[in-house]
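As stored in start_32.cif (mmCIF, C-alpha atoms):
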```cif
data_entry
loop_
_atom_site.label_atom_id
_atom_site.label_comp_id
_atom_site.auth_asym_id
_atom_site.auth_seq_id
_atom_site.Cartn_x
_atom_site.Cartn_y
_atom_site.Cartn_z
CA MET A 842 -0.34 16.80 -16.96
CA SER A 843 -1.30 13.32 -15.87
CA ALA A 844 -0.27 12.32 -12.34
CA SER A 845 -0.07 9.01 -10.49
CA VAL A 846 -1.98 9.36 -7.23
CA LEU A 847 -2.19 7.06 -4.25
CA TYR A 848 -5.61 7.29 -2.59
CA MET A 849 -5.49 5.86 0.89
CA SER A 850 -7.53 6.00 4.08
CA VAL A 851 -5.21 5.82 7.07
CA SER A 852 -5.70 5.86 10.82
CA LEU A 853 -3.75 8.45 12.82
CA ASP A 854 -1.46 5.64 13.95
CA GLY A 855 -0.66 4.79 10.33
CA PHE A 856 -2.70 1.64 9.70
CA ILE A 857 -4.56 0.93 6.45
CA ALA A 858 -6.10 -2.41 7.41
CA ASP A 859 -6.52 -4.90 10.18
CA PRO A 860 -4.05 -7.76 10.37
CA ASP A 861 -6.78 -9.88 8.70
CA ASP A 862 -7.27 -7.34 5.85
CA TYR A 863 -10.55 -5.89 7.02
CA LEU A 864 -10.62 -2.13 6.84
CA GLY A 865 -9.90 -1.57 10.43
CA GLY A 866 -11.50 -1.29 13.78
CA ASP A 867 -14.14 -3.03 15.77
CA ASP A 868 -16.65 -2.85 12.91
CA GLY A 869 -14.22 -4.07 10.23
CA HIS A 870 -14.57 -1.00 8.00
CA ARG A 871 -13.73 1.91 10.28
CA LEU A 872 -11.32 3.45 7.79
CA HIS A 873 -13.91 3.71 5.01
CA ASN A 874 -16.74 5.02 7.17
CA TRP A 875 -16.12 8.54 5.85
CA PHE A 876 -17.57 7.53 2.47
CA ALA A 877 -19.16 4.14 3.10
CA PRO A 878 -20.47 4.02 6.67
CA GLY A 879 -21.18 0.46 7.77
CA GLY A 880 -19.74 -0.83 4.50
CA GLN A 881 -22.51 0.75 2.36
CA PHE A 882 -21.67 3.55 -0.06
CA ALA A 883 -23.39 6.69 1.11
CA GLU A 884 -24.96 9.53 -0.87
CA LEU A 885 -22.21 12.04 -0.26
CA THR A 886 -22.33 15.79 -0.50
CA GLY A 887 -19.74 18.49 -0.02
CA PRO A 888 -15.97 17.98 0.03
CA ALA A 889 -16.14 14.20 0.47
CA ALA A 890 -18.28 13.87 -2.67
CA GLU A 891 -15.80 16.01 -4.63
CA LEU A 892 -12.97 13.75 -3.52
CA ILE A 893 -14.79 10.66 -4.72
CA ASP A 894 -15.63 12.34 -8.07
CA GLU A 895 -11.98 13.31 -8.43
CA ALA A 896 -10.88 9.72 -7.87
CA LYS A 897 -13.49 8.47 -10.36
CA ALA A 898 -12.10 10.83 -13.01
CA CYS A 899 -8.87 8.82 -13.17
CA GLY A 900 -8.09 7.04 -16.46
CA ALA A 901 -6.33 3.87 -15.33
CA VAL A 902 -5.52 1.89 -12.20
CA LEU A 903 -2.19 0.59 -10.94
CA ALA A 904 -2.89 -1.99 -8.24
CA GLY A 905 -0.73 -4.23 -6.11
CA ARG A 906 -1.14 -7.92 -6.82
CA ARG A 907 -2.16 -8.78 -3.28
CA THR A 908 -5.08 -6.33 -3.27
CA ALA A 909 -5.98 -7.10 -6.88
CA GLU A 910 -6.28 -10.82 -6.16
CA LEU A 911 -8.02 -10.23 -2.84
CA MET A 912 -10.64 -8.21 -4.75
CA ASP A 913 -10.76 -10.68 -7.70
CA HIS A 914 -9.54 -7.79 -9.90
CA TRP A 915 -12.81 -5.98 -9.14
CA GLY A 916 -14.50 -8.35 -11.57
CA GLY A 917 -12.19 -7.47 -14.44
CA ASP A 918 -12.11 -3.68 -14.46
CA HIS A 919 -12.16 -0.87 -11.89
CA ASN A 920 -15.32 1.13 -12.61
CA GLY A 921 -14.64 0.53 -16.29
CA LEU A 922 -10.95 1.45 -16.09
CA PRO A 923 -8.06 -0.80 -17.16
CA ILE A 924 -6.00 -2.28 -14.34
CA PHE A 925 -2.23 -2.71 -14.39
CA VAL A 926 -0.62 -5.07 -11.88
CA PRO A 927 3.16 -5.05 -11.41
CA SER A 928 4.35 -8.53 -10.45
CA HIS A 929 7.35 -10.73 -11.00
CA ARG A 930 5.13 -13.78 -11.35
CA PRO A 931 2.74 -14.40 -14.25
CA PRO A 932 -0.98 -13.85 -13.59
CA GLY A 933 -3.37 -16.54 -12.44
CA PRO A 934 -5.95 -18.04 -14.84
CA ALA A 935 -8.75 -15.48 -14.32
CA ALA A 936 -6.48 -12.50 -14.95
CA ARG A 937 -4.78 -14.23 -17.86
CA TRP A 938 -7.82 -15.50 -19.75
CA GLY A 939 -10.92 -13.87 -18.36
CA TYR A 940 -10.13 -10.20 -17.92
CA PRO A 941 -9.05 -8.34 -21.06
CA LEU A 942 -8.73 -5.05 -19.17
CA VAL A 943 -6.31 -6.52 -16.61
CA THR A 944 -2.62 -6.40 -17.58
CA TYR A 945 0.14 -8.00 -15.56
CA VAL A 946 3.48 -6.26 -16.03
CA THR A 947 6.52 -8.38 -15.15
CA SER A 948 9.13 -5.82 -16.22
CA GLY A 949 9.06 -3.75 -13.05
CA ILE A 950 6.97 -1.03 -11.44
CA ALA A 951 8.37 1.83 -13.52
CA ASP A 952 7.30 0.04 -16.66
CA ALA A 953 3.91 -0.82 -15.18
CA MET A 954 3.36 2.86 -14.35
CA LYS A 955 4.44 3.86 -17.85
CA GLN A 956 1.81 1.54 -19.33
CA ALA A 957 -0.84 2.80 -16.90
CA LYS A 958 -0.04 6.41 -17.76
CA ALA A 959 -0.22 5.65 -21.47
CA ALA A 960 -3.65 4.07 -20.95
CA ALA A 961 -4.81 7.01 -18.82
CA GLY A 962 -3.82 9.60 -21.40
CA GLU A 963 -4.54 13.07 -20.00
CA ARG A 964 -6.17 11.60 -16.92
CA ASN A 965 -4.57 10.49 -13.65
CA VAL A 966 -3.50 7.02 -12.61
CA PHE A 967 -5.26 5.71 -9.49
CA VAL A 968 -2.73 3.81 -7.37
CA ILE A 969 -3.98 1.08 -5.01
CA GLY A 970 -2.03 -0.76 -2.31
CA GLY A 971 0.48 0.15 0.38
CA TYR A 972 3.27 -2.10 -0.85
CA THR A 973 2.82 -0.90 -4.42
CA ALA A 974 2.82 2.73 -3.28
CA ARG A 975 6.11 2.21 -1.42
CA ARG A 976 7.72 0.54 -4.43
CA ALA A 977 6.44 3.37 -6.67
CA LEU A 978 7.86 5.97 -4.25
CA GLU A 979 11.22 4.22 -4.25
CA ALA A 980 11.24 4.01 -8.04
CA GLY A 981 10.34 7.70 -8.30
CA VAL A 982 7.11 7.05 -10.21
CA LEU A 983 4.54 8.10 -7.61
CA ASP A 984 3.58 11.76 -8.13
CA GLU A 985 0.98 12.47 -5.43
CA LEU A 986 -0.58 11.05 -2.28
CA GLN A 987 -4.20 11.72 -1.35
CA ILE A 988 -4.32 10.74 2.30
CA HIS A 989 -7.66 10.46 4.07
CA GLN A 990 -6.54 10.64 7.68
CA VAL A 991 -9.22 9.13 9.89
CA PRO A 992 -9.48 10.34 13.50
CA VAL A 993 -8.97 6.97 15.14
CA LEU A 994 -6.12 5.01 16.70
CA LEU A 995 -6.62 1.42 15.56
CA GLY A 996 -3.78 0.12 17.69
CA ARG A 997 -2.61 -2.58 15.31
CA GLY A 998 -2.79 -3.71 11.71
CA ARG A 999 -0.98 -3.27 8.43
CA ARG A 1000 0.93 -0.01 8.05
CA LEU A 1001 0.89 2.22 5.01
CA PHE A 1002 4.51 3.21 5.54
CA GLU A 1003 7.19 0.77 6.53
CA ASP A 1004 10.87 1.56 6.21
CA LEU A 1005 11.83 3.48 3.09
CA PRO A 1006 15.42 3.62 1.87
CA SER A 1007 15.69 7.41 1.88
CA GLN A 1008 14.06 10.64 2.99
CA ILE A 1009 11.38 11.95 0.63
CA GLU A 1010 10.18 15.55 0.80
CA LEU A 1011 6.56 16.37 0.06
CA ASP A 1012 4.58 19.52 -0.65
CA VAL A 1013 1.13 20.01 0.82
CA LEU A 1014 -1.14 20.73 -2.14
CA ARG A 1015 -4.49 20.90 -0.34
CA VAL A 1016 -6.12 20.20 3.01
CA ILE A 1017 -9.83 19.45 3.32
CA ASP A 1018 -11.03 19.53 6.91
CA THR A 1019 -14.11 17.45 7.72
CA PRO A 1020 -15.20 15.81 10.99
CA GLU A 1021 -14.94 12.33 9.45
CA ALA A 1022 -11.42 12.69 8.04
CA THR A 1023 -8.68 15.18 7.31
CA HIS A 1024 -8.00 14.89 3.58
CA ILE A 1025 -4.44 15.93 2.75
CA ARG A 1026 -3.05 15.97 -0.77
CA TYR A 1027 0.73 15.81 -1.11
CA ARG A 1028 2.99 16.11 -4.12
CA VAL A 1029 6.27 14.20 -4.09
CA ARG A 1030 9.13 16.67 -4.50
CA ARG A 1031 11.81 15.77 -7.06
CA MET B 1105 -11.39 22.91 32.11
CA SER B 1106 -7.74 21.88 32.20
CA ALA B 1107 -6.65 19.33 29.57
CA SER B 1108 -3.58 17.17 29.15
CA VAL B 1109 -2.20 17.72 25.66
CA LEU B 1110 0.48 15.87 23.76
CA TYR B 1111 2.35 18.23 21.44
CA MET B 1112 4.25 16.28 18.82
CA SER B 1113 5.85 16.89 15.44
CA VAL B 1114 5.49 13.78 13.31
CA SER B 1115 6.50 12.86 9.77
CA LEU B 1116 3.79 11.55 7.44
CA ASP B 1117 5.23 8.07 7.93
CA GLY B 1118 4.77 8.37 11.70
CA PHE B 1119 8.28 9.02 12.98
CA ILE B 1120 9.11 11.46 15.76
CA ALA B 1121 12.88 11.04 15.79
CA ASP B 1122 15.79 9.38 14.09
CA PRO B 1123 16.97 6.06 15.51
CA ASP B 1124 19.75 8.10 17.20
CA ASP B 1125 17.25 10.57 18.75
CA TYR B 1126 17.94 13.51 16.45
CA LEU B 1127 14.79 15.16 15.24
CA GLY B 1128 14.75 13.47 11.93
CA GLY B 1129 16.03 13.72 8.46
CA ASP B 1130 19.25 14.49 6.71
CA ASP B 1131 19.75 17.71 8.70
CA GLY B 1132 18.98 16.15 12.10
CA HIS B 1133 16.07 18.48 12.93
CA ARG B 1134 13.72 18.16 9.97
CA LEU B 1135 10.69 17.68 12.20
CA HIS B 1136 11.17 20.96 14.05
CA ASN B 1137 11.96 23.08 11.01
CA TRP B 1138 8.43 24.48 11.06
CA PHE B 1139 9.25 26.51 14.17
CA ALA B 1140 13.04 26.24 14.50
CA PRO B 1141 14.58 25.98 11.02
CA GLY B 1142 18.14 24.72 11.15
CA GLY B 1143 17.79 24.20 14.92
CA GLN B 1144 17.38 27.92 15.67
CA PHE B 1145 14.10 29.25 17.03
CA ALA B 1146 12.59 31.54 14.42
CA GLU B 1147 10.58 34.73 14.84
CA LEU B 1148 7.23 33.23 13.99
CA THR B 1149 4.11 34.96 12.83
CA GLY B 1150 0.65 33.70 11.96
CA PRO B 1151 -0.81 30.34 12.94
CA ALA B 1152 2.52 28.76 13.86
CA ALA B 1153 3.19 31.57 16.37
CA GLU B 1154 -0.26 31.06 17.89
CA LEU B 1155 0.44 27.36 18.32
CA ILE B 1156 3.68 28.07 20.14
CA ASP B 1157 1.96 30.66 22.38
CA GLU B 1158 -0.76 28.14 23.15
CA ALA B 1159 1.82 25.56 24.19
CA LYS B 1160 3.63 28.12 26.34
CA ALA B 1161 0.38 28.88 28.19
CA CYS B 1162 0.41 25.42 29.77
CA GLY B 1163 0.79 25.23 33.55
CA ALA B 1164 2.82 22.06 34.07
CA VAL B 1165 4.74 19.43 32.15
CA LEU B 1166 4.44 15.65 32.17
CA ALA B 1167 7.54 14.21 30.54
CA GLY B 1168 8.80 10.72 29.88
CA ARG B 1169 11.93 9.80 31.77
CA ARG B 1170 13.93 9.04 28.66
CA THR B 1171 13.35 12.47 27.13
CA ALA B 1172 13.68 14.24 30.49
CA GLU B 1173 17.08 12.69 31.12
CA LEU B 1174 18.19 13.18 27.53
CA MET B 1175 17.41 16.90 27.95
CA ASP B 1176 18.89 17.05 31.50
CA HIS B 1177 15.38 18.00 32.70
CA TRP B 1178 15.67 21.21 30.65
CA GLY B 1179 17.99 22.54 33.35
CA GLY B 1180 15.46 22.01 36.15
CA ASP B 1181 12.23 23.49 34.78
CA HIS B 1182 10.45 23.75 31.41
CA ASN B 1183 10.22 27.48 30.67
CA GLY B 1184 9.57 27.98 34.37
CA LEU B 1185 7.01 25.19 34.63
CA PRO B 1186 7.19 22.27 37.06
CA ILE B 1187 8.01 18.91 35.49
CA PHE B 1188 6.47 15.59 36.51
CA VAL B 1189 8.18 12.37 35.44
CA PRO B 1190 6.36 9.05 35.80
CA SER B 1191 8.89 6.29 36.47
CA HIS B 1192 9.10 3.07 38.41
CA ARG B 1193 12.71 3.79 39.37
CA PRO B 1194 13.81 6.60 41.70
CA PRO B 1195 15.34 9.70 40.09
CA GLY B 1196 19.04 10.18 39.51
CA PRO B 1197 21.08 12.59 41.66
CA ALA B 1198 20.47 15.79 39.66
CA ALA B 1199 16.70 15.36 39.66
CA ARG B 1200 16.68 14.27 43.32
CA TRP B 1201 18.82 16.98 44.81
CA GLY B 1202 19.36 19.75 42.29
CA TYR B 1203 15.95 20.42 40.73
CA PRO B 1204 13.17 21.40 43.14
CA LEU B 1205 10.66 21.80 40.29
CA VAL B 1206 11.22 18.25 39.03
CA THR B 1207 9.06 15.56 40.64
CA TYR B 1208 9.45 11.85 39.99
CA VAL B 1209 6.22 9.96 40.52
CA THR B 1210 6.65 6.23 41.14
CA SER B 1211 2.97 5.45 41.74
CA GLY B 1212 1.96 5.23 38.09
CA ILE B 1213 1.08 7.49 35.19
CA ALA B 1214 -2.46 8.26 36.33
CA ASP B 1215 -1.10 9.55 39.61
CA ALA B 1216 1.63 11.52 37.85
CA MET B 1217 -1.00 13.17 35.64
CA LYS B 1218 -3.12 13.94 38.69
CA GLN B 1219 -0.20 15.75 40.30
CA ALA B 1220 0.61 17.59 37.07
CA LYS B 1221 -3.00 18.70 36.70
CA ALA B 1222 -3.09 19.89 40.31
CA ALA B 1223 0.07 21.93 39.68
CA ALA B 1224 -1.32 23.34 36.40
CA GLY B 1225 -4.55 24.50 38.01
CA GLU B 1226 -6.80 25.99 35.33
CA ARG B 1227 -4.09 25.64 32.71
CA ASN B 1228 -3.25 22.68 30.52
CA VAL B 1229 -0.65 19.99 31.07
CA PHE B 1230 2.00 19.79 28.35
CA VAL B 1231 2.78 16.13 27.65
CA ILE B 1232 6.21 15.20 26.24
CA GLY B 1233 7.36 11.85 24.89
CA GLY B 1234 5.95 9.13 22.66
CA TYR B 1235 6.15 6.32 25.19
CA THR B 1236 4.58 8.48 27.89
CA ALA B 1237 1.80 9.55 25.54
CA ARG B 1238 0.98 5.91 24.75
CA ARG B 1239 0.91 4.98 28.43
CA ALA B 1240 -1.29 8.02 29.16
CA LEU B 1241 -3.65 7.01 26.33
CA GLU B 1242 -3.88 3.47 27.68
CA ALA B 1243 -4.53 4.75 31.20
CA GLY B 1244 -7.23 7.12 29.89
CA VAL B 1245 -5.48 10.25 31.17
CA LEU B 1246 -4.51 11.88 27.85
CA ASP B 1247 -7.19 14.37 26.81
CA GLU B 1248 -5.91 15.84 23.55
CA LEU B 1249 -3.25 15.43 20.86
CA GLN B 1250 -1.79 18.41 18.99
CA ILE B 1251 -0.11 16.78 16.02
CA HIS B 1252 2.18 18.82 13.80
CA GLN B 1253 2.24 16.65 10.69
CA VAL B 1254 5.32 17.48 8.67
CA PRO B 1255 5.23 16.86 4.89
CA VAL B 1256 8.14 14.47 4.74
CA LEU B 1257 8.70 10.72 4.66
CA LEU B 1258 11.71 10.07 6.88
CA GLY B 1259 11.81 6.39 6.04
CA ARG B 1260 13.00 5.19 9.44
CA GLY B 1261 13.26 6.17 13.08
CA ARG B 1262 11.26 6.02 16.29
CA ARG B 1263 7.50 5.90 15.85
CA LEU B 1264 4.98 7.94 17.80
CA PHE B 1265 2.44 5.13 17.74
CA GLU B 1266 3.36 1.52 18.29
CA ASP B 1267 0.78 -1.10 19.09
CA LEU B 1268 -1.97 0.00 21.44
CA PRO B 1269 -4.16 -2.51 23.27
CA SER B 1270 -7.47 -1.19 21.93
CA GLN B 1271 -9.12 1.08 19.40
CA ILE B 1272 -9.38 4.73 20.48
CA GLU B 1273 -11.75 7.14 18.76
CA LEU B 1274 -10.77 10.78 18.35
CA ASP B 1275 -12.58 13.99 17.42
CA VAL B 1276 -10.94 16.53 15.16
CA LEU B 1277 -11.03 19.81 17.09
CA ARG B 1278 -9.11 22.03 14.68
CA VAL B 1279 -6.97 21.89 11.54
CA ILE B 1280 -4.42 24.59 10.73
CA ASP B 1281 -3.10 24.31 7.18
CA THR B 1282 0.37 25.76 6.55
CA PRO B 1283 2.97 24.79 3.94
CA GLU B 1284 5.44 23.73 6.67
CA ALA B 1285 3.07 21.45 8.58
CA THR B 1286 -0.57 20.42 8.92
CA HIS B 1287 -1.46 21.08 12.56
CA ILE B 1288 -4.30 18.84 13.70
CA ARG B 1289 -5.80 18.96 17.16
CA TYR B 1290 -7.63 15.86 18.35
CA ARG B 1291 -9.69 15.16 21.46
CA VAL B 1292 -9.73 11.64 22.84
CA ARG B 1293 -13.33 10.42 22.92
CA ARG B 1294 -14.48 8.71 26.11
#
```
Mind turning the file's structure into structure tokens?
Amino acid sequence: MSASVLYMSVSLDGFIADPDDYLGGDDGHRLHNWFAPGGQFAELTGPAAELIDEAKACGAVLAGRRTAELMDHWGGDHNGLPIFVPSHRPPGPAARWGYPLVTYVTSGIADAMKQAKAAAGERNVFVIGGYTARRALEAGVLDELQIHQVPVLLGRGRRLFEDLPSQIELDVLRVIDTPEATHIRYRVRR
Amino acid sequence: MSASVLYMSVSLDGFIADPDDYLGGDDGHRLHNWFAPGGQFAELTGPAAELIDEAKACGAVLAGRRTAELMDHWGGDHNGLPIFVPSHRPPGPAARWGYPLVTYVTSGIADAMKQAKAAAGERNVFVIGGYTARRALEAGVLDELQIHQVPVLLGRGRRLFEDLPSQIELDVLRVIDTPEATHIRYRVRR
């Protein structure tokens, strides 16, 4: 059964980025050091490599507009996967004319997830962006969270979780314990 | 070597209490359900029992004033242990006259921790309170954090971590994986 999964690296104090959108910390990419130390993708082995392979096995991407535009839609696809962007505004020129694999969905996040799941088929949907993850949680269309909890207190930045309108129970599916990060997989209980 | 250790149950979204100081969630004690379901201490076995025993083996308590007063200083001692309260204001009547094991320290948190460590001897200092933990981190006198990460999104409440003035690196000492909570022990790197 296909699941929608948020993959997110988070500091212990709950931050996913610096205030200026760098990935945290004095070196600007502290939160991704577990798989890309110094900003360079590393040759990974062991549990961290399995996590990356798992993420790569997804069949479609649902990405928040802010991140998608910040990343120029990853050049038009996300490692070959189609990208769905929920937004109330129409896409800019590049996404509208230049990127056939990028689809803006103006009919709401539930509909955007439905389209992403249809594109993914049997595979999972890779969810990108804190705001988008919160809206998906609220709409009841986020199935799992893969949190990479990094052993650092960044002190400030953009939070993964701001206020949510109601309590949401989770089940711990799996914990992978490495020195660089504690990787916890949650399923949203319904 | 004696360590100062913050023990704290935290929701995945970083909350340690409701806005009204209950321990979170629709039932008012969601965050403590892993050891006291429904507000009643349970007969624990396994890793959770070991964690409680470990906490009970501490030799002194450093508690924030807000929590200490809210709990009426636990009746004058914390399971028999002396309690140190850093505060710039003098204690109220009960703490001043009625509780010989409660000591208010007005000379700062570093001094309060020093006194707590002296009282604890070879044993650890049990640190209570989010605000106090942040001040101890800033002052460089918090050695470890024992986080009980509860698989729930509370949505709102009081946060364990607010803004800190600088980045603080941690080492993961131990991860205990249970369905009720992911117990992660961190050491503050210096």
Report task. Identify all residues satisfying the PyMOL selection byres ((chain A) within 8 of (chain B)) in the given file; provide them as a ChimeraX atom specification. Result -> /A:854-855,866-867,992-997,1001-1013,1016,1018,1020,1027
Requested in this report: Carefully work through the PyMOL selection byres ((chain A and resi 903-906) around 6) for this structure and note down the residues it includes, as a ChimeraX atom specification.
Outcome: /A:902,907-910,924-926,968-970,973
Requested in this report: Might you spell out which residues the PyMOL selection byres ((chain B and resi 1155-1157) around 10) would select in the displayed file, as a PyMOL selection string?
Outcome: chain B and resi 1111+1139+1148+1150-1154+1158-1162+1250+1252+1280+1287
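Remark: for Met842 in chain A, the closest of the candidate residues A:Gly949, A:Pro923, A:Gly962, A:Gly981 is A:Gly962 (distances computed over all atoms listed in the file).
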Enclose all atoms of range 1180-1196 of chain B listed in the file in an axis-aligned box, grow every side by 3 Å, and hand back centre and edge lengths in Å to one decimal, as lines of an AutoDock Vina configuration file.
```
center_x = 12.7
center_y = 15.5
center_z = 36.2
size_x = 18.7
size_y = 30.9
size_z = 17.0
```
Report task. Fewer than 3 positions away in the same chain doesn't count, so skip those; otherwise give me all residues within 12 Å of Gly1196 in chain B, counting all atoms listed in the file, as a list in words. Result -> Arg1169, Ala1172, Glu1173, Asp1176, His1177, Val1189, Ser1191, Arg1193, Ala1199, Arg1200, Trp1201, Gly1202, Tyr1203, Val1206, Thr1207 and Tyr1208 of chain B
